Structure formats: C-alpha cells, structure tokens
file upload19.txt (compact mmCIF, C-alpha atoms)
# COMPACT_ATOMS: atom_id res chain seq x y z
CA MET A 1 26.25 -18.16 -119.30
CA SER A 2 28.38 -18.98 -116.26
CA VAL A 3 29.22 -16.37 -113.65
CA GLN A 4 32.89 -16.60 -114.63
CA GLU A 5 32.02 -15.74 -118.22
CA LEU A 6 29.77 -12.88 -117.16
CA GLU A 7 32.50 -11.54 -114.89
CA LYS A 8 34.96 -11.69 -117.75
CA ILE A 9 32.66 -9.72 -120.06
CA PHE A 10 32.01 -7.24 -117.25
CA GLN A 11 35.72 -6.66 -116.63
CA GLN A 12 36.37 -6.35 -120.37
CA LYS A 13 33.82 -3.55 -120.56
CA ILE A 14 35.48 -1.78 -117.63
CA ASP A 15 38.92 -2.17 -119.21
CA GLN A 16 37.59 -0.70 -122.45
CA GLU A 17 36.15 2.28 -120.54
CA ILE A 18 32.58 1.26 -121.35
CA LYS A 19 30.31 2.48 -118.56
CA ILE A 20 28.18 0.00 -116.64
CA GLU A 21 24.48 0.85 -116.67
CA PRO A 22 21.77 -0.24 -114.19
CA LYS A 23 20.34 -3.12 -116.22
CA ASP A 24 23.74 -4.58 -117.16
CA TRP A 25 24.98 -7.66 -115.38
CA MET A 26 27.41 -6.81 -112.56
CA PRO A 27 29.08 -8.83 -109.80
CA ASP A 28 27.25 -8.69 -106.47
CA ALA A 29 30.32 -7.26 -104.76
CA TYR A 30 30.49 -4.42 -107.31
CA ARG A 31 26.83 -3.61 -106.63
CA LYS A 32 27.36 -3.78 -102.87
CA THR A 33 30.45 -1.58 -102.95
CA LEU A 34 28.62 0.99 -105.05
CA VAL A 35 25.55 1.01 -102.81
CA ARG A 36 27.76 1.59 -99.77
CA GLN A 37 29.91 4.24 -101.40
CA ILE A 38 27.17 6.18 -103.18
CA SER A 39 24.87 6.17 -100.17
CA GLN A 40 27.72 7.36 -97.91
CA HIS A 41 28.37 10.10 -100.43
CA ALA A 42 24.65 11.01 -100.40
CA HIS A 43 24.48 11.01 -96.60
CA SER A 44 27.54 13.28 -96.52
CA GLU A 45 25.70 15.81 -98.66
CA ILE A 46 22.65 15.67 -96.40
CA ILE A 47 24.51 15.78 -93.07
CA GLY A 48 26.80 18.39 -94.60
CA MET A 49 23.85 20.78 -94.68
CA LEU A 50 23.73 20.85 -90.87
CA PRO A 51 26.98 22.61 -89.89
CA GLU A 52 26.31 25.28 -92.52
CA GLY A 53 22.55 25.47 -92.09
CA ASN A 54 22.93 26.68 -88.53
CA TRP A 55 24.74 29.77 -89.86
CA ILE A 56 22.10 30.87 -92.39
CA THR A 57 20.30 33.12 -89.91
CA ARG A 58 23.59 34.38 -88.46
CA ALA A 59 25.38 35.17 -91.73
CA PRO A 60 26.66 38.77 -91.57
CA SER A 61 24.58 40.27 -94.39
CA LEU A 62 21.51 39.63 -96.49
CA LYS A 63 23.78 38.81 -99.43
CA ARG A 64 25.70 36.24 -97.39
CA LYS A 65 22.46 34.73 -96.10
CA ALA A 66 21.10 34.35 -99.63
CA ILE A 67 24.36 32.80 -100.87
CA LEU A 68 24.60 30.36 -97.97
CA LEU A 69 20.97 29.39 -98.40
CA ALA A 70 21.59 28.67 -102.09
CA LYS A 71 24.64 26.57 -101.22
CA VAL A 72 22.81 24.49 -98.62
CA GLN A 73 19.99 24.02 -101.12
CA ASP A 74 22.54 22.72 -103.63
CA GLU A 75 23.78 20.17 -101.09
CA ALA A 76 20.22 18.86 -100.73
CA GLY A 77 20.06 18.52 -104.50
CA HIS A 78 23.38 16.68 -104.56
CA GLY A 79 22.05 14.30 -101.93
CA LEU A 80 19.04 13.63 -104.14
CA TYR A 81 21.10 12.94 -107.30
CA LEU A 82 23.12 10.42 -105.31
CA TYR A 83 20.16 8.78 -103.59
CA ALA A 84 18.61 8.36 -107.04
CA ALA A 85 21.84 6.72 -108.26
CA THR A 86 21.71 4.33 -105.29
CA GLU A 87 18.16 3.40 -106.19
CA THR A 88 19.22 2.33 -109.68
CA LEU A 89 21.15 -0.45 -107.92
CA GLY A 90 17.98 -1.87 -106.41
CA THR A 91 17.92 -0.42 -102.89
CA SER A 92 14.93 1.61 -101.80
CA ARG A 93 15.17 5.21 -100.65
CA GLU A 94 13.55 4.25 -97.34
CA GLN A 95 16.17 1.60 -96.64
CA THR A 96 18.99 4.01 -97.42
CA LEU A 97 17.54 6.71 -95.16
CA ASP A 98 16.79 4.21 -92.39
CA ASP A 99 20.44 3.11 -92.46
CA LEU A 100 21.53 6.73 -91.98
CA HIS A 101 19.10 7.38 -89.16
CA SER A 102 19.93 4.17 -87.33
CA GLY A 103 23.63 4.98 -87.41
CA LYS A 104 24.42 1.93 -89.51
CA ALA A 105 25.47 3.91 -92.57
CA LYS A 106 28.39 6.32 -92.43
CA TYR A 107 28.96 9.79 -93.82
CA SER A 108 32.10 11.85 -94.18
CA SER A 109 33.60 12.45 -90.73
CA ILE A 110 34.39 16.05 -91.56
CA PHE A 111 30.80 17.00 -90.75
CA ASN A 112 31.25 15.88 -87.16
CA TYR A 113 33.33 18.98 -86.45
CA PRO A 114 31.55 22.10 -85.14
CA THR A 115 31.15 25.44 -86.93
CA LEU A 116 32.04 27.89 -84.17
CA THR A 117 32.52 31.13 -86.10
CA TRP A 118 31.57 32.71 -89.42
CA GLY A 119 35.14 32.00 -90.49
CA ASP A 120 34.30 28.29 -90.33
CA ILE A 121 31.77 28.73 -93.13
CA GLY A 122 34.56 30.20 -95.25
CA ALA A 123 36.93 27.39 -94.31
CA ILE A 124 34.33 24.73 -95.11
CA GLY A 125 33.73 26.17 -98.56
CA TRP A 126 37.41 26.55 -99.33
CA LEU A 127 38.90 23.44 -97.70
CA VAL A 128 36.10 20.91 -97.25
CA ASP A 129 34.38 21.59 -100.57
CA GLY A 130 37.80 21.92 -102.17
CA ALA A 131 38.72 18.42 -101.01
CA ALA A 132 35.32 17.07 -102.01
CA ILE A 133 35.64 18.56 -105.49
CA LEU A 134 38.94 16.76 -106.14
CA ASN A 135 37.27 13.51 -105.23
CA GLN A 136 34.14 14.25 -107.25
CA VAL A 137 36.05 15.34 -110.33
CA MET A 138 37.74 11.93 -110.23
CA LEU A 139 34.35 10.26 -109.73
CA CYS A 140 32.99 11.88 -112.91
CA ARG A 141 34.99 9.13 -114.65
CA THR A 142 33.81 6.31 -112.39
CA SER A 143 32.73 3.12 -114.15
CA TYR A 144 29.07 3.15 -113.06
CA GLY A 145 27.02 5.37 -115.40
CA PRO A 146 24.44 6.83 -112.98
CA TYR A 147 27.14 7.61 -110.38
CA SER A 148 29.30 9.24 -113.02
CA ARG A 149 26.40 11.39 -114.26
CA ALA A 150 25.48 12.41 -110.71
CA ASN A 151 29.04 13.57 -110.11
CA ILE A 152 29.16 15.53 -113.35
CA ARG A 153 26.03 17.37 -112.27
CA ILE A 154 27.45 17.94 -108.79
CA CYS A 155 30.78 19.27 -110.07
CA LYS A 156 29.02 21.82 -112.26
CA GLU A 157 27.38 23.28 -109.17
CA GLU A 158 30.10 22.74 -106.61
CA SER A 159 32.74 25.12 -107.92
CA PHE A 160 30.69 28.10 -106.75
CA HIS A 161 30.80 26.59 -103.26
CA GLN A 162 34.56 26.66 -103.06
CA ARG A 163 34.76 30.16 -104.49
CA GLN A 164 32.21 31.56 -102.03
CA GLY A 165 34.21 30.02 -99.17
CA PHE A 166 37.43 31.61 -100.35
CA ASP A 167 35.59 34.89 -100.82
CA ILE A 168 34.42 34.82 -97.19
CA LEU A 169 38.00 34.24 -96.00
CA MET A 170 39.37 36.93 -98.35
CA VAL A 171 37.10 39.53 -96.76
CA LEU A 172 38.02 38.39 -93.24
CA SER A 173 41.74 38.35 -94.08
CA GLN A 174 41.56 41.99 -95.12
CA GLY A 175 39.54 43.09 -92.09
CA THR A 176 40.27 44.15 -88.51
CA PRO A 177 42.89 42.27 -86.44
CA GLU A 178 40.01 40.42 -84.80
CA GLN A 179 38.58 39.35 -88.17
CA LYS A 180 42.03 38.25 -89.33
CA ALA A 181 42.30 36.14 -86.19
CA ILE A 182 38.91 34.53 -86.90
CA CYS A 183 40.15 33.66 -90.40
CA GLN A 184 43.41 32.09 -89.17
CA ASP A 185 41.65 30.21 -86.37
CA ALA A 186 39.14 28.67 -88.80
CA ILE A 187 41.94 27.55 -91.13
CA ASN A 188 43.84 26.09 -88.17
CA ARG A 189 40.89 23.99 -87.05
CA TRP A 190 39.75 22.77 -90.49
CA TRP A 191 43.12 22.03 -92.09
CA TRP A 192 43.86 18.60 -90.58
CA PRO A 193 40.30 17.25 -90.72
CA SER A 194 40.25 18.26 -94.41
CA LEU A 195 43.38 16.20 -95.07
CA MET A 196 41.74 13.26 -93.31
CA MET A 197 38.82 13.47 -95.75
CA PHE A 198 40.90 11.61 -98.32
CA GLY A 199 41.06 8.54 -96.10
CA PRO A 200 43.96 6.46 -94.74
CA LYS A 201 47.36 6.27 -96.39
CA ASP A 202 47.83 4.02 -99.40
CA GLY A 203 50.61 2.17 -97.56
CA GLU A 204 48.08 0.63 -95.17
CA SER A 205 46.99 -1.72 -97.90
CA THR A 206 48.68 -5.00 -98.67
CA HIS A 207 46.09 -6.69 -100.82
CA SER A 208 44.93 -5.64 -104.22
CA GLU A 209 42.25 -2.99 -104.30
CA GLN A 210 39.11 -4.07 -106.04
CA SER A 211 37.70 -0.55 -106.41
CA THR A 212 40.67 0.39 -108.59
CA ILE A 213 40.32 -2.70 -110.78
CA TRP A 214 36.64 -1.94 -111.19
CA LYS A 215 37.52 1.71 -111.88
CA ILE A 216 35.08 2.94 -109.27
CA LYS A 217 38.00 4.94 -107.90
CA ARG A 218 40.65 6.15 -110.30
CA LYS A 219 43.18 7.83 -108.03
CA SER A 220 44.63 6.76 -104.71
CA ASN A 221 43.95 8.53 -101.41
CA ASP A 222 47.51 9.82 -101.21
CA GLU A 223 47.51 11.06 -104.80
CA LEU A 224 44.37 13.11 -104.20
CA ARG A 225 45.64 14.35 -100.83
CA GLN A 226 48.93 15.51 -102.35
CA GLN A 227 47.07 17.29 -105.13
CA PHE A 228 44.99 19.06 -102.47
CA VAL A 229 48.00 20.09 -100.37
CA ASN A 230 49.78 21.50 -103.42
CA MET A 231 46.72 23.50 -104.35
CA ILE A 232 45.92 24.88 -100.90
CA ALA A 233 49.55 25.63 -99.93
CA GLU A 234 49.63 28.12 -102.79
CA GLN A 235 46.15 29.57 -102.27
CA VAL A 236 46.73 30.25 -98.56
CA LYS A 237 49.47 32.74 -99.51
CA ILE A 238 46.89 34.91 -101.28
CA LEU A 239 44.96 35.07 -98.02
CA GLY A 240 48.12 36.07 -96.18
CA MET A 241 47.41 33.25 -93.72
CA THR A 242 49.33 30.08 -92.80
CA LEU A 243 48.52 26.39 -92.58
CA PRO A 244 49.06 24.84 -89.13
CA ASP A 245 51.86 22.47 -90.15
CA ALA A 246 55.51 23.19 -89.31
CA ASP A 247 56.62 20.45 -91.71
CA LEU A 248 54.86 21.92 -94.72
CA LYS A 249 57.56 22.73 -97.27
CA PHE A 250 57.91 22.72 -101.03
CA ASN A 251 60.15 19.92 -102.20
CA PRO A 252 61.89 20.97 -105.43
CA ALA A 253 62.89 17.36 -106.16
CA THR A 254 59.34 15.99 -106.20
CA LYS A 255 57.67 19.32 -107.12
CA ASN A 256 55.23 18.59 -104.30
CA TYR A 257 54.66 20.10 -100.90
CA ASP A 258 55.86 17.78 -98.13
CA PHE A 259 53.61 17.84 -95.09
CA GLY A 260 53.44 16.54 -91.53
CA GLU A 261 51.95 13.35 -90.12
CA ILE A 262 48.17 13.11 -89.81
CA ASP A 263 46.71 12.07 -86.46
CA TRP A 264 45.03 8.81 -87.50
CA ASN A 265 43.80 8.11 -83.98
CA GLU A 266 41.64 11.17 -84.25
CA PHE A 267 40.42 10.01 -87.66
CA TRP A 268 39.28 6.58 -86.47
CA ASN A 269 37.80 8.03 -83.30
CA VAL A 270 35.55 10.34 -85.30
CA VAL A 271 34.63 7.54 -87.73
CA LYS A 272 33.64 5.34 -84.79
CA GLY A 273 31.30 8.01 -83.49
CA ASN A 274 33.40 9.83 -80.92
CA GLY A 275 33.89 13.09 -82.81
CA PRO A 276 32.83 16.44 -81.35
CA CYS A 277 29.40 16.42 -83.03
CA ASN A 278 28.57 12.84 -84.14
CA LYS A 279 25.69 12.45 -81.71
CA GLN A 280 24.29 15.91 -82.29
CA ARG A 281 24.37 15.58 -86.09
CA LEU A 282 22.48 12.32 -86.14
CA GLU A 283 19.94 13.56 -83.61
CA THR A 284 19.34 16.73 -85.61
CA ARG A 285 18.93 14.69 -88.78
CA ARG A 286 16.49 12.27 -87.12
CA LYS A 287 14.51 15.15 -85.67
CA ALA A 288 14.34 16.89 -89.05
CA HIS A 289 13.02 13.69 -90.59
CA ALA A 290 10.46 13.17 -87.81
CA ASP A 291 9.40 16.84 -87.88
CA GLY A 292 8.83 16.52 -91.61
CA ALA A 293 6.47 13.56 -91.20
CA TRP A 294 3.35 15.77 -91.19
CA VAL A 295 4.50 17.51 -94.38
CA ARG A 296 4.82 14.16 -96.13
CA ALA A 297 1.45 13.05 -94.79
CA ALA A 298 -0.14 16.33 -95.90
CA ALA A 299 1.37 16.02 -99.37
CA GLU A 300 -0.10 12.54 -99.69
CA ALA A 301 -3.52 13.63 -98.44
CA HIS A 302 -3.47 16.58 -100.84
CA SER A 303 -2.68 14.41 -103.83
CA GLU A 304 -5.39 11.92 -102.81
CA LYS A 305 -7.86 14.79 -102.64
CA ARG A 306 -6.82 16.03 -106.07
CA LYS A 307 -7.21 12.54 -107.50
CA ALA A 308 -10.67 12.18 -105.94
CA ARG A 309 -11.76 15.55 -107.32
CA ALA A 310 -10.54 14.67 -110.78
CA ALA A 311 -12.46 11.37 -110.62
CA GLN A 312 -15.62 13.21 -109.53
CA LYS A 313 -15.39 15.59 -112.49
CA VAL A 314 -15.20 12.67 -114.89
CA ALA A 315 -18.20 10.96 -113.29
CA MET B 1 48.97 -14.89 -87.37
CA ASN B 2 46.67 -13.91 -90.16
CA ILE B 3 46.30 -10.14 -90.33
CA ARG B 4 44.51 -8.70 -93.31
CA LEU B 5 44.88 -5.00 -93.91
CA THR B 6 42.28 -3.21 -95.93
CA LYS B 7 42.55 0.05 -97.77
CA TYR B 8 39.73 2.47 -97.03
CA TYR B 9 38.81 5.13 -99.49
CA TYR B 10 37.36 8.54 -98.83
CA GLY B 11 33.63 8.18 -99.06
CA ASP B 12 33.77 4.45 -98.62
CA ILE B 13 34.06 3.55 -94.97
CA PRO B 14 33.33 -0.15 -94.49
CA GLU B 15 30.34 -1.03 -92.36
CA GLU B 16 32.19 -3.05 -89.74
CA LYS B 17 34.28 0.01 -88.81
CA GLY B 18 31.23 2.03 -87.89
CA GLY B 19 29.80 2.60 -84.45
CA GLY B 20 26.15 3.40 -83.86
CA SER B 21 23.16 1.29 -82.98
CA ALA B 22 20.93 -0.58 -85.36
CA ALA B 23 17.65 0.87 -84.12
CA LYS B 24 15.28 1.09 -87.06
CA SER B 25 13.18 4.18 -87.66
CA GLU B 26 9.65 3.95 -88.97
CA SER B 27 9.45 3.82 -92.71
CA THR B 28 7.53 6.37 -94.73
CA ALA B 29 5.10 5.45 -97.43
CA ASN B 30 6.55 4.63 -100.82
CA TRP B 31 5.98 7.52 -103.18
CA PRO B 32 6.27 6.58 -106.83
CA LEU B 33 9.47 7.26 -108.71
CA TRP B 34 9.35 9.72 -111.62
CA GLU B 35 11.78 10.25 -114.46
CA VAL B 36 12.48 13.88 -115.31
CA PHE B 37 13.08 15.27 -118.82
CA ILE B 38 14.09 18.86 -119.42
CA ARG B 39 14.08 21.07 -122.51
CA SER B 40 16.93 23.50 -122.00
CA LYS B 41 15.70 25.94 -124.65
CA GLN B 42 13.05 26.27 -127.37
CA GLY B 43 13.97 24.18 -130.37
CA LEU B 44 15.82 21.44 -128.48
CA ASP B 45 14.60 18.01 -127.38
CA HIS B 46 13.64 17.18 -123.84
CA LYS B 47 16.52 15.28 -122.31
CA HIS B 48 16.54 12.86 -119.39
CA VAL B 49 18.19 14.50 -116.38
CA GLY B 50 17.38 12.23 -113.45
CA SER B 51 14.61 11.00 -111.20
CA LEU B 52 12.77 11.82 -108.00
CA HIS B 53 9.92 10.67 -105.78
CA ALA B 54 6.60 12.51 -105.65
CA THR B 55 3.00 11.78 -104.76
CA ASP B 56 1.65 12.96 -108.12
CA ALA B 57 2.62 14.61 -111.40
CA LYS B 58 2.11 18.16 -110.13
CA MET B 59 4.43 17.61 -107.18
CA ALA B 60 6.92 15.83 -109.43
CA ILE B 61 7.06 18.83 -111.78
CA GLU B 62 7.45 21.29 -108.91
CA ASN B 63 10.17 19.23 -107.28
CA ALA B 64 11.91 18.78 -110.63
CA ARG B 65 11.94 22.55 -110.99
CA ASP B 66 13.55 22.93 -107.55
CA VAL B 67 16.11 20.20 -108.09
CA TYR B 68 17.01 20.37 -111.77
CA THR B 69 16.46 23.98 -112.86
CA ARG B 70 17.97 26.08 -110.05
CA ARG B 71 20.32 27.73 -112.56
CA MET B 72 17.93 28.27 -115.47
CA GLU B 73 18.75 24.88 -116.97
CA GLY B 74 15.29 24.49 -118.45
CA ILE B 75 12.18 26.10 -119.84
CA SER B 76 10.02 22.99 -120.04
CA ILE B 77 9.73 19.88 -117.86
CA TRP B 78 8.27 16.46 -118.59
CA VAL B 79 7.79 13.89 -115.87
CA VAL B 80 6.72 10.31 -116.32
CA GLU B 81 6.27 7.63 -113.71
CA SER B 82 9.24 5.29 -114.02
CA LYS B 83 7.00 2.21 -114.12
CA TYR B 84 5.61 3.34 -117.47
CA ILE B 85 9.00 3.33 -119.16
CA HIS B 86 9.67 0.22 -121.20
CA ALA B 87 13.26 -0.47 -122.11
CA SER B 88 15.12 -2.77 -124.46
CA ASN B 89 17.04 -5.54 -122.77
CA PRO B 90 20.83 -4.98 -122.65
CA ASP B 91 21.38 -8.76 -122.69
CA ASP B 92 19.76 -8.91 -126.13
CA ALA B 93 21.65 -5.91 -127.45
CA GLU B 94 23.87 -7.88 -129.79
CA ALA B 95 21.04 -9.64 -131.61
CA PHE B 96 18.67 -6.72 -131.28
CA TYR B 97 20.89 -4.21 -133.07
CA GLU B 98 22.43 -6.78 -135.40
CA PRO B 99 20.28 -5.80 -138.43
CA ALA B 100 21.98 -2.37 -138.57
CA ASN B 101 25.45 -3.73 -138.07
CA ASP B 102 26.25 -4.78 -141.65
CA LYS B 103 24.63 -1.91 -143.54
CA VAL B 104 27.47 0.54 -143.91
CA TYR B 105 25.90 1.72 -147.17
CA ARG B 106 23.44 3.67 -145.03
CA HIS B 107 26.22 6.14 -144.28
CA PRO B 108 27.24 8.82 -146.80
CA THR B 109 30.91 8.03 -146.27
CA PHE B 110 30.34 4.60 -147.90
CA TYR B 111 30.23 6.24 -151.35
CA ASP B 112 33.51 7.11 -152.95
CA LEU B 113 32.94 10.05 -155.28
CA PRO B 114 35.43 11.96 -157.41
CA ASP B 115 36.76 15.17 -155.84
CA GLU B 116 35.25 17.23 -158.64
CA VAL B 117 31.74 16.58 -157.34
CA LYS B 118 30.87 19.55 -155.18
CA HIS B 119 28.07 20.23 -152.71
CA MET B 120 27.06 16.62 -152.12
call {"tool": "encode", "arguments": {"input": "upload19.txt", "output": "structure tokens"}}
result
Amino acid sequence: MSVQELEKIFQQKIDQEIKIEPKDWMPDAYRKTLVRQISQHAHSEIIGMLPEGNWITRAPSLKRKAILLAKVQDEAGHGLYLYAATETLGTSREQTLDDLHSGKAKYSSIFNYPTLTWGDIGAIGWLVDGAAILNQVMLCRTSYGPYSRANIRICKEESFHQRQGFDILMVLSQGTPEQKAICQDAINRWWWPSLMMFGPKDGESTHSEQSTIWKIKRKSNDELRQQFVNMIAEQVKILGMTLPDADLKFNPATKNYDFGEIDWNEFWNVVKGNGPCNKQRLETRRKAHADGAWVRAAAEAHSEKRKARAAQKVA
Amino acid sequence: MNIRLTKYYYGDIPEEKGGGSAAKSESTANWPLWEVFIRSKQGLDHKHVGSLHATDAKMAIENARDVYTRRMEGISIWVVESKYIHASNPDDAEAFYEPANDKVYRHPTFYDLPDEVKHM
C-alpha cells in the first residue's frame, strides 16, 4: 500500500474516533510529535518533584509531610506512566532520559520558579496542578491509545493534588495576619506563570495545526486558559484572597472572566533557559541520577547473584 | 519575506526553541521491560495496567506494587517480560477476524421468538 493510502486510512480512523495503538501504522510526523510531547510531559512530572520535594522535611506537621510525600511519589508514578507510553513509540528510556539531562528536551517552564514559602506548596497544588488537570483531562481523549490511558490513570490520582493545595491555602487564609500574607504572596507569584502554562495565544498561529487534525490536542490553548481563569476567579473568593490582575473582571456578555495581558517575554525567557531556577533544576536532576547509579548497579548485582544461586540449586 | 508562525501547545515546546547544551550523559544498562497485570479483587481477571523496567521478576513485582497499587488497586500482581508476549498483527486484522464477521447467528439476538416465550 502506498504512503498516501496508509495516511488516508490513518486519518479516517482518527476522524471516526478510533484510537491509534502502538503497532498500527502512523505517519512519522505523528510519531515524532507524540514522542516530543509525551516525553516533555513525563519530564515535567519528574522535574515537578523538585520544587515540592525540597519542602517535605520542612512541611509544618507530620500530616503535611506524609501528604506531600505521597503527592511527590504520585508525580514519580505519573512520570513512569508517560515514559512507558513514549517507549511504545520506539524510543528507549535511556534516550529519553539522556535528552532531559543534556538539556535537549524541555519540560514545563512552571517548574523553573522557586518555592520560597510553605504557601507556595499550596499555590502549586491549587494553581499549577489545577492547570495541569485541565490539560490532562483533555488528553484523556487524545488519539494515541497509550497516551490516553496514561492520562486517565494520572487524572484519577491528580485530583487529590489540587484539593490538598487548596486545603493548605484555606488554612493559611484563616490564620494570623502573617499567614494570610504568605497565602496572598504565593498566589501573587504563581498566578501569571500558571496562565503561561497553557502556552502562547491561539492568534499567533497562521497555518493549520496538525495536532488538532490528528486529535492529539482537542482544545486550544486559549480555550483551556479561559476555562482555568473562570474556575480560579471563583475559587479565590472562597479563600478571601485576590488574583494579581487589575483587569480581571466578569464579562456578562461572554459569561467569561476577562483578564490582563500575559508577559510573553518572560515566558520565552524561561523556556530558553533563563528562568529563576532552570540551571538549578537540571543540575539537581542530573545529580539525583548520578547519585542513584550505585543503587542501579547494586540492583543488577543482586539480581545476578539471585540468578546464580537459583542455577546452583538446580545443578 | 517569508515568515512562518507556529502555534505552540502547552506541553509541546518545539526543540529548536530550547536552550541548553547537547552534552550526553552516560547511559545506564538496559533493564528488561515487563508488562504488569493486576487483579483488583478476588473473582476478577488480571488486567493489563502498564509496564516498567526491572532487573528481574521479584523487582518487577515490587516496583509494580509501588507504582500501580498505591491506592489499594490490587490484591494480586502478574508480571511478564514484554519480549515473551506474542501479539496478532493489526495489519492482518481484517482477514484474521473475518471468519467471525458473517456469523450473526452466534448471537442470541439473531433469533426472533414470540413474546410469549419467557425466561429464554
């Protein structure tokens, strides 16, 4: 069969909402786009453990420590589901990890911002995980089977993350004036970077978007961002806090919240590696991988020993 | 002037926009890939849930517990090295499943019975 015919059958399946599975024929560009997107998603889960991980020992109570530990553990699991999905497309785990450690592969820029106070852990759960959930709920319906299944699994676990974040902020918002200030400050610093998580404005595009035709993505950046703003603008009232945007206002005509202009220079600067923590995050990640080398070596040696012992018993 | 604008999606930043060097780290040994099957409760089948890398079956089961049963999702785990799984070929699907395609009489709904017939 010619490539044109195969492409036609492939697109027909997509149009009929039939999922694409690993062994099915797919265009090279579809495979490449998926490998890039899924591995970036995976790296985001892994790097995302760092800003929160450094608060596990400093969390204000044993309960909060246990919860945060469980959350960070979940992120590791999410990374694994996604790495496994990448592997179904024919790239090795080593290659994917090497691309992260070399700086070639990207991850969500949000994790290049620092976590300065305990309030930041609340803001990450509420805003950052909240934004991620909107995206991941959409991705549950993505056209590639393994990626869709990974997102379904992730979404099941992720909703606790957002709730625990809101819970942290709730407690702070009802505390001393100092604690209230910590809460507002965290919201102020995380609000705009969270909006940037959805990516550039739809208007920046003039040519047709392949990811939409392939149904990898099913909603536009601006659609998701608006959904997020509408959601958070209401929730922030329950906290008795404000969002740092003077232009934020409900528009009765569109039934949406209008909001101010995002600083795209900042966005591209952080993507290009000049964010507050880009260098530190990658170094920490590389160090963690290098420090774990002996554990991997020991695990291999241990399994070799077990194999040898089992062989001896048989003999 | 030929300017091409591209739309970038969240979670999909194109490679050429990235900074960073291309220094390559040393690669770790390739641990085999395992497929994980979980029985969620007594009486149900084991169901495929995903895959992971491990040096041997014991490690695969322990890692599967940590990754796939953190919320009591299972009471029994099977792991099998992915290389031992043989699969039908999706390209042959049409011919392969063809024999079942024209045998509607294998379904109970094929038989049109009078309404008076009960419990059948």
call {"tool": "atom_distance", "arguments": {"input": "upload19.txt", "atom1": "atom CA of Leu68 of chain A", "atom2": "atom CA of Val137 of chain A"}}
result
22.6 Å
call {"tool": "atom_distance", "arguments": {"input": "upload19.txt", "atom1": "atom CA of Gly79 of chain A", "atom2": "atom CA of Ile46 of chain A"}}
result
5.7 Å
call {"tool": "interface_residues", "arguments": {"input": "upload19.txt", "of": "chain A", "to": "chain B", "cutoff": "7 Å", "atoms": "only C-alpha atoms", "output": "PyMOL selection string"}}
result
chain A and resi 23-24+36-37+40-41+77+84+94+98+101-106+108+197-200+202+204-206+221+271-273+300+303
call {"tool": "residues_around", "arguments": {"input": "upload19.txt", "residues": "segment 253-255 of chain A", "least_positions_apart": "5", "cutoff": "12 Å", "atoms": "only C-alpha atoms", "output": "PyMOL selection string"}}
result
chain A and resi 226-227+229-230
call {"tool": "atom_distance", "arguments": {"input": "upload19.txt", "atom1": "atom CA of Arg286 of chain A", "atom2": "atom CA of Leu100 of chain A"}}
result
8.9 Å
call {"tool": "residues_near_point", "arguments": {"input": "upload19.txt", "point": "(27.3, 34.9, -102.2)", "cutoff": "10 Å", "atoms": "all atoms listed in the file", "output": "ChimeraX atom specification"}}
result
/A:61-71,160-161,163-165,167-168
call {"tool": "closest_residue", "arguments": {"input": "upload19.txt", "among": "A:Thr33, A:Asn188, A:Gln162, A:Asn256", "to": "Pro244 of chain A", "atoms": "only C-alpha atoms"}}
result
A:Asn188
call {"tool": "closest_residue", "arguments": {"input": "upload19.txt", "among": "B:Gly74, B:Arg65, B:Trp34, B:Asp92", "to": "Lys47 of chain B", "atoms": "all atoms listed in the file"}}
result
B:Gly74
call {"tool": "residues_near_point", "arguments": {"input": "upload19.txt", "point": "(45.1, 27.2, -102.0)", "cutoff": "12 Å", "atoms": "all atoms listed in the file", "output": "mmCIF file with C-alpha atoms, in the coordinates of the input"}}
result
data_model
loop_
_atom_site.group_PDB
_atom_site.id
_atom_site.type_symbol
_atom_site.label_atom_id
_atom_site.label_comp_id
_atom_site.auth_asym_id
_atom_site.auth_seq_id
_atom_site.Cartn_x
_atom_site.Cartn_y
_atom_site.Cartn_z
ATOM 1 C CA ALA A 123 36.930 27.390 -94.310
ATOM 2 C CA GLY A 125 33.730 26.170 -98.560
ATOM 3 C CA TRP A 126 37.410 26.550 -99.330
ATOM 4 C CA LEU A 127 38.900 23.440 -97.700
ATOM 5 C CA VAL A 128 36.100 20.910 -97.250
ATOM 6 C CA GLY A 130 37.800 21.920 -102.170
ATOM 7 C CA ALA A 131 38.720 18.420 -101.010
ATOM 8 C CA GLN A 162 34.560 26.660 -103.060
ATOM 9 C CA ARG A 163 34.760 30.160 -104.490
ATOM 10 C CA GLY A 165 34.210 30.020 -99.170
ATOM 11 C CA PHE A 166 37.430 31.610 -100.350
ATOM 12 C CA LEU A 169 38.000 34.240 -96.000
ATOM 13 C CA MET A 170 39.370 36.930 -98.350
ATOM 14 C CA ILE A 187 41.940 27.550 -91.130
ATOM 15 C CA TRP A 191 43.120 22.030 -92.090
ATOM 16 C CA GLN A 227 47.070 17.290 -105.130
ATOM 17 C CA PHE A 228 44.990 19.060 -102.470
ATOM 18 C CA VAL A 229 48.000 20.090 -100.370
ATOM 19 C CA ASN A 230 49.780 21.500 -103.420
ATOM 20 C CA MET A 231 46.720 23.500 -104.350
ATOM 21 C CA ILE A 232 45.920 24.880 -100.900
ATOM 22 C CA ALA A 233 49.550 25.630 -99.930
ATOM 23 C CA GLU A 234 49.630 28.120 -102.790
ATOM 24 C CA GLN A 235 46.150 29.570 -102.270
ATOM 25 C CA VAL A 236 46.730 30.250 -98.560
ATOM 26 C CA LYS A 237 49.470 32.740 -99.510
ATOM 27 C CA ILE A 238 46.890 34.910 -101.280
ATOM 28 C CA LEU A 239 44.960 35.070 -98.020
ATOM 29 C CA GLY A 240 48.120 36.070 -96.180
ATOM 30 C CA MET A 241 47.410 33.250 -93.720
ATOM 31 C CA THR A 242 49.330 30.080 -92.800
ATOM 32 C CA LEU A 243 48.520 26.390 -92.580
ATOM 33 C CA TYR A 257 54.660 20.100 -100.900
#
call {"tool": "closest_residue", "arguments": {"input": "upload19.txt", "among": "A:Ala85, A:Met49, A:Ile38, A:Ile14", "to": "Phe111 of chain A", "atoms": "all atoms listed in the file"}}
result
A:Met49
call {"tool": "closest_residue", "arguments": {"input": "upload19.txt", "among": "B:Ser82, B:Asn63, B:Ser76, B:Asn101", "to": "Gly43 of chain B", "atoms": "only C-alpha atoms"}}
result
B:Ser76
call {"tool": "closest_residue", "arguments": {"input": "upload19.txt", "among": "B:Pro108, B:Pro32, B:Ile61, B:His119", "to": "Val79 of chain B", "atoms": "only C-alpha atoms"}}
result
B:Ile61
